[in-house]
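Undergrad: My structure is below; once you've seen it, I'll send some questions.
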Amino acid sequence: MDNKIDRRQFLKLTGLGGVVFASGLSGWANAAKKSGQDEFYFVQLSDTHWGFNGPKVNPDAANTLKKAVAAVNALEQAPDFVVFTGDLTHTTDDPKLRRARMAEFRDIVSALKTKEVRFMAGEHDASLDRGEAYQEFFGKLHYTFDHKGVHFIVLDNVSDPGASLGEAQLAWLKQDLKQMRRDAPIVVLTHRPLFDLYPQWDWATRDGAAAIALLMPYKNVTVFYGHIHQEHHHKTGHIAHHAAQSLIFPLPAPGSVPKRAALPWDPDQPYKGIGFRSVEADVKDAYYKIAELPVPKG
Amino acid sequence: MRQDSLRCSLGVVMVALLFANTVTQAMAADEPVIRITARKFEFSPHTLTLKKGVPVVLEVTALDRVHGFNLPDFGVRSDLVPGKVTRFRFTPDKTGEFVFFCDVFCGDGHEEMSGVLTVKD
């Protein structure tokens, strides 16, 4: 099936400035072939919750992450890097079990053929011990890196159990941004939404508005995050925010039902609402093309 | 001259504070007080019914560890420290069902730690 035309039309209709979306695989392979100096693509995996056990919402939880890794490895062209935007593991009160889950997660994702893999924490990884175990396995909670002219900023809004970035990190962000040109392409990676998506379900960062205010003077800022277990797109001013699907179970749309509860597994449509995404970056135009990709059922 | 003016201003502020305090205490004496406990992973009670326009005091106590109490539709939130009663005084100014929840991550089950406040006319 070739739905390339539909996809293009859809992209035009989204109207989110420098960001367009695509669904499904069609047309995606062409995007992945871009690998010039001003173009690259990366893969975002999110909310894998390794260690989760809930047969009603994902009877294949023990294999989902492995299937996702295999799916990334099977991409026609390897991405420049893979980023995990938090909740690598499912929370536990037991520090030993937490570390065991992190070790297992690390072993599984070590099968990724991609040269570079970036990690960040979710509240399930880091909120009960303020990121102590996470840092033993995956390093810093907030950091920056640069790739082909794009400045990536990883923000930590989870190691504080109250979901704040905190004054120290905001000062660090302010300092980091000082060195950037106002038109520099900047991508922020974080776990929770920085804006008040739906505070009634705790889908917010308590002081996220302060981070957005610091980013606002920069013309080309895009945020990729996780936490809400579904694709979601929003703008605060000119800054676009894109939430990724989970790799364990989907959650309902914000405020669509009284209670935030995992959507049940549909045996007729296994893996529905579960997946990952590729992000194709056109550095010159600070333009990001997003494709949502499924986890193979087999 | 300047000192006199300062003393006068301070006097006005103190009288105002004293008056405000007296008024608050007088009002509080008539207000319903609802006591809520918080522990992993539940509030008790987890359903509340209030009357629109009637001030209320919520007294929330954490029993086992630090939790949070967040009722965003009425701008009510605080950390809950075990052994300390946290009081919220507010007047529900709209009807409907409103979620309150723990917003300090407290473990596996944290996401289920919530309740519903119903406000009626």
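So you can find residues: chains in the structure tokens are A, B, ... in the order shown, residues in each start at 1, and ligands are numbered from 1 in order.
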Distance limit 6 Å, atoms considered: only C-alpha atoms. Which chain B residues sit that close to chain A? Return them as a PyMOL selection string.
TA: chain B and resi 104-105+108
Undergrad: Please write the residues from the selection above to a file, keeping C-alpha atoms, as a short mmCIF file (atom, residue, chain, number, x, y, z; two decimals), in the first residue's frame.
TA:
```cif
data_model
loop_
_atom_site.label_atom_id
_atom_site.label_comp_id
_atom_site.auth_asym_id
_atom_site.auth_seq_id
_atom_site.Cartn_x
_atom_site.Cartn_y
_atom_site.Cartn_z
CA VAL B 104 5.04 13.17 45.11
CA PHE B 105 6.10 9.89 43.52
CA ASP B 108 4.42 1.24 42.41
#
```
Undergrad: Could you list, as a ChimeraX atom specification, every residue within 8 Å of region 35-40 of chain B, counting only C-alpha atoms and ignoring same-chain residues fewer than 5 positions away?
TA: /B:45,58-65,67,106-107,109-110,113
Undergrad: Write the residues of the preceding selection, restricted to C-alpha atoms, as a compact mmCIF listing (two decimals), in the first residue's frame.
TA:
```
# COMPACT_ATOMS: atom_id res chain seq x y z
CA PRO B 45 -11.71 9.02 52.40
CA LEU B 58 -9.21 19.99 54.74
CA GLU B 59 -6.82 18.52 57.29
CA VAL B 60 -4.58 16.03 55.53
CA THR B 61 -2.06 13.79 57.27
CA ALA B 62 0.46 11.40 55.75
CA LEU B 63 0.77 8.18 57.73
CA ASP B 64 3.73 6.36 56.22
CA ARG B 65 5.98 8.59 54.11
CA HIS B 67 3.12 12.25 49.88
CA CYS B 106 5.70 7.24 46.21
CA GLY B 107 6.16 3.88 44.46
CA GLY B 109 0.80 2.27 42.80
CA HIS B 110 1.51 6.00 42.97
CA MET B 113 -3.36 7.35 44.52
```
Undergrad: For the strand (DSSP E) assignment from backbone DSSP, which residues of region 18-116 of chain A qualify? Please present them as a PyMOL selection string.
TA: chain A and resi 19-23+39-45+81-85+116
Undergrad: Excluding Pro59 (chain A) and its own-chain neighbours fewer than 3 positions away, which residues fall within 12 Å of it when counting only C-alpha atoms? Please give them as a list of chain:residue names.
TA: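 Once the nearby chain positions are removed, what remains is A:Phe52, A:Asn53, A:Gly54, A:Pro55, A:Lys56, A:Ala62, A:Asn63, A:Thr64, A:Ile248, A:Phe249, A:Pro264, A:Trp265, A:Asp266, A:Pro267, A:Pro270, A:Tyr271.
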Undergrad: Nearest residue to Leu50 (chain B) out of B:Glu111, B:Pro32, B:Pro82, B:Cys102, using only C-alpha atoms?
TA: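 For Leu50 (chain B), the nearest of the candidates is B:Pro32.
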Undergrad: Do you have the CA of Lys52 (chain B)-CA of Pro92 (chain B) distance handy?
TA: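 Computing the Euclidean distance for CA of Lys52 (chain B) and CA of Pro92 (chain B) yields 5.2 Å.
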Undergrad: Looking at only C-alpha atoms, which of A:Leu247, A:Met102, A:Val295, A:Val117 is the one that sits closest to Gly131 (chain A)?
TA: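 Nearest candidate to Gly131 (chain A) out of A:Leu247, A:Met102, A:Val295, A:Val117: A:Met102.
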Undergrad: If you run DSSP over the backbone, which residues in region 34-210 of chain A end up helix (DSSP H, G or I)? Put them as a count of residues only.
TA: 57
Undergrad: Applying 7 Å and only C-alpha atoms, which residues near Ile239 (chain A) remain after dropping the ones on its own chain fewer than 2 positions away? List them as number ranges by chain.
TA: A: 221-222, 235-237, 241
Undergrad: Go ahead and write the residues just picked, N, CA and C atoms, as a PDB file, in the first residue's frame.
TA:
```
ATOM      1  N   VAL A 221      13.434  25.805  18.775  1.00  0.00           N
ATOM      2  CA  VAL A 221      13.464  24.852  19.898  1.00  0.00           C
ATOM      3  C   VAL A 221      12.349  23.830  19.715  1.00  0.00           C
ATOM      4  N   THR A 222      12.685  22.582  19.854  1.00  0.00           N
ATOM      5  CA  THR A 222      11.689  21.503  19.774  1.00  0.00           C
ATOM      6  C   THR A 222      11.917  20.564  20.956  1.00  0.00           C
ATOM      7  N   LYS A 235       1.946  23.086  21.198  1.00  0.00           N
ATOM      8  CA  LYS A 235       2.882  24.208  21.087  1.00  0.00           C
ATOM      9  C   LYS A 235       2.702  25.181  22.244  1.00  0.00           C
ATOM     10  N   THR A 236       3.828  25.631  22.804  1.00  0.00           N
ATOM     11  CA  THR A 236       3.813  26.767  23.728  1.00  0.00           C
ATOM     12  C   THR A 236       4.530  27.890  22.987  1.00  0.00           C
ATOM     13  N   GLY A 237       3.794  28.852  22.503  1.00  0.00           N
ATOM     14  CA  GLY A 237       4.400  29.860  21.633  1.00  0.00           C
ATOM     15  C   GLY A 237       4.919  29.174  20.381  1.00  0.00           C
ATOM     16  N   HIS A 241       6.151  20.637  21.239  1.00  0.00           N
ATOM     17  CA  HIS A 241       6.393  19.552  22.209  1.00  0.00           C
ATOM     18  C   HIS A 241       5.761  18.277  21.645  1.00  0.00           C
TER      19      HIS A 241
END
```
Undergrad: Contacts of region 177-190 of chain A at 6 Å or less, counting only C-alpha atoms, minus same-chain residues fewer than 3 places along, as a PyMOL selection string?
TA: chain A and resi 150-155+174+218-225+286
Undergrad: Can I get the selection written as a PDB file, in the first residue's frame, with C-alpha atoms?
TA:
```pdb
ATOM      1  CA  VAL A 150      21.888  20.488  16.666  1.00  0.00           C
ATOM      2  CA  HIS A 151      22.285  21.215  20.355  1.00  0.00           C
ATOM      3  CA  PHE A 152      20.513  18.573  22.467  1.00  0.00           C
ATOM      4  CA  ILE A 153      19.634  19.376  26.071  1.00  0.00           C
ATOM      5  CA  VAL A 154      18.527  16.545  28.360  1.00  0.00           C
ATOM      6  CA  LEU A 155      16.470  17.856  31.277  1.00  0.00           C
ATOM      7  CA  LYS A 174      20.316  29.312  31.641  1.00  0.00           C
ATOM      8  CA  TYR A 218      15.500  30.904  20.991  1.00  0.00           C
ATOM      9  CA  LYS A 219      13.809  30.649  17.628  1.00  0.00           C
ATOM     10  CA  ASN A 220      14.308  26.966  16.873  1.00  0.00           C
ATOM     11  CA  VAL A 221      13.464  24.852  19.898  1.00  0.00           C
ATOM     12  CA  THR A 222      11.689  21.503  19.774  1.00  0.00           C
ATOM     13  CA  VAL A 223      10.928  19.240  22.728  1.00  0.00           C
ATOM     14  CA  PHE A 224      10.625  15.451  22.634  1.00  0.00           C
ATOM     15  CA  TYR A 225       9.339  13.718  25.728  1.00  0.00           C
ATOM     16  CA  ALA A 286      15.543  23.247  12.043  1.00  0.00           C
TER      17      ALA A 286
END
```
Undergrad: I'd like the neighbourhood of Asn70 (chain B) as a VMD selection string, where a residue qualifies if any of its atoms comes within 6 Å (using only C-alpha atoms), though same-chain residues fewer than 6 positions away should be ignored.
TA: chain B and resid 76 to 77 100 to 101
Undergrad: How about saving the chosen residues, C-alpha atoms kept, as an mmCIF file, in the first residue's frame?
TA:
```
data_model
loop_
_atom_site.group_PDB
_atom_site.id
_atom_site.type_symbol
_atom_site.label_atom_id
_atom_site.label_comp_id
_atom_site.auth_asym_id
_atom_site.auth_seq_id
_atom_site.Cartn_x
_atom_site.Cartn_y
_atom_site.Cartn_z
ATOM 1 C CA VAL B 76 -4.690 23.547 46.426
ATOM 2 C CA ARG B 77 -1.436 21.632 46.877
ATOM 3 C CA PHE B 100 -7.195 15.239 43.797
ATOM 4 C CA PHE B 101 -4.061 13.125 43.765
#
```
Undergrad: How many Å separate CA of Gln135 (chain A) from CA of Leu170 (chain A)?
TA: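 The value is 19.7 Å.
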Undergrad: Applying 6 Å and only C-alpha atoms, which residues near region 79-89 of chain A remain after dropping the ones on its own chain fewer than 5 positions away? List them as a short mmCIF file (atom, residue, chain, number, x, y, z; two decimals) with N, CA and C atoms, in the first residue's frame.
TA:
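After the write, out32.cif holds the following:
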```
data_model
loop_
_atom_site.label_atom_id
_atom_site.label_comp_id
_atom_site.auth_asym_id
_atom_site.auth_seq_id
_atom_site.Cartn_x
_atom_site.Cartn_y
_atom_site.Cartn_z
N TYR A 41 18.96 11.29 11.14
CA TYR A 41 17.75 10.91 11.87
C TYR A 41 18.11 10.10 13.10
N PHE A 42 17.25 10.24 14.09
CA PHE A 42 17.44 9.46 15.31
C PHE A 42 16.14 8.76 15.66
N VAL A 43 16.24 7.80 16.55
CA VAL A 43 15.07 7.04 16.99
C VAL A 43 14.81 7.33 18.46
N GLN A 44 13.55 7.60 18.77
CA GLN A 44 13.15 7.81 20.17
C GLN A 44 12.36 6.61 20.66
N LEU A 45 12.84 5.99 21.71
CA LEU A 45 12.12 4.91 22.39
C LEU A 45 11.76 5.44 23.78
N SER A 46 10.60 5.08 24.26
CA SER A 46 10.19 5.68 25.54
C SER A 46 9.38 4.73 26.39
N ASP A 47 9.48 4.94 27.69
CA ASP A 47 8.60 4.26 28.64
C ASP A 47 8.54 2.75 28.40
N THR A 48 9.70 2.14 28.49
CA THR A 48 9.79 0.70 28.27
C THR A 48 9.38 -0.09 29.53
N HIS A 49 9.51 0.52 30.69
CA HIS A 49 9.04 -0.07 31.96
C HIS A 49 9.49 -1.52 32.14
N TRP A 50 10.75 -1.76 31.92
CA TRP A 50 11.24 -3.13 32.07
C TRP A 50 10.98 -3.62 33.50
N GLU A 116 25.49 4.96 18.87
CA GLU A 116 25.32 5.85 20.01
C GLU A 116 23.93 5.66 20.61
N VAL A 117 23.87 5.44 21.89
CA VAL A 117 22.58 5.32 22.58
C VAL A 117 22.59 6.29 23.76
N ARG A 118 21.58 7.13 23.83
CA ARG A 118 21.48 8.12 24.91
C ARG A 118 20.35 7.71 25.84
N PHE A 119 20.58 7.88 27.12
CA PHE A 119 19.57 7.50 28.11
C PHE A 119 19.11 8.71 28.90
N MET A 120 17.92 8.63 29.38
CA MET A 120 17.46 9.57 30.39
C MET A 120 16.47 8.86 31.31
N ALA A 121 16.28 9.44 32.48
CA ALA A 121 15.49 8.78 33.51
C ALA A 121 14.03 9.20 33.45
N GLY A 122 13.17 8.30 33.93
CA GLY A 122 11.78 8.63 34.21
C GLY A 122 11.56 8.53 35.70
N HIS A 124 9.84 6.47 37.30
CA HIS A 124 9.91 5.07 37.75
C HIS A 124 11.35 4.64 38.00
N ASP A 125 12.30 5.24 37.26
CA ASP A 125 13.72 4.90 37.46
C ASP A 125 14.32 5.65 38.64
N HIS A 191 11.47 13.86 30.21
CA HIS A 191 10.51 12.77 30.41
C HIS A 191 9.08 13.29 30.53
N GLY A 226 8.30 11.86 26.91
CA GLY A 226 7.58 10.58 27.04
C GLY A 226 6.48 10.71 28.07
#
```
Undergrad: Do you have the CA of Val257 (chain A)-CA of Ser78 (chain B) distance handy?
TA: 25.3 Å
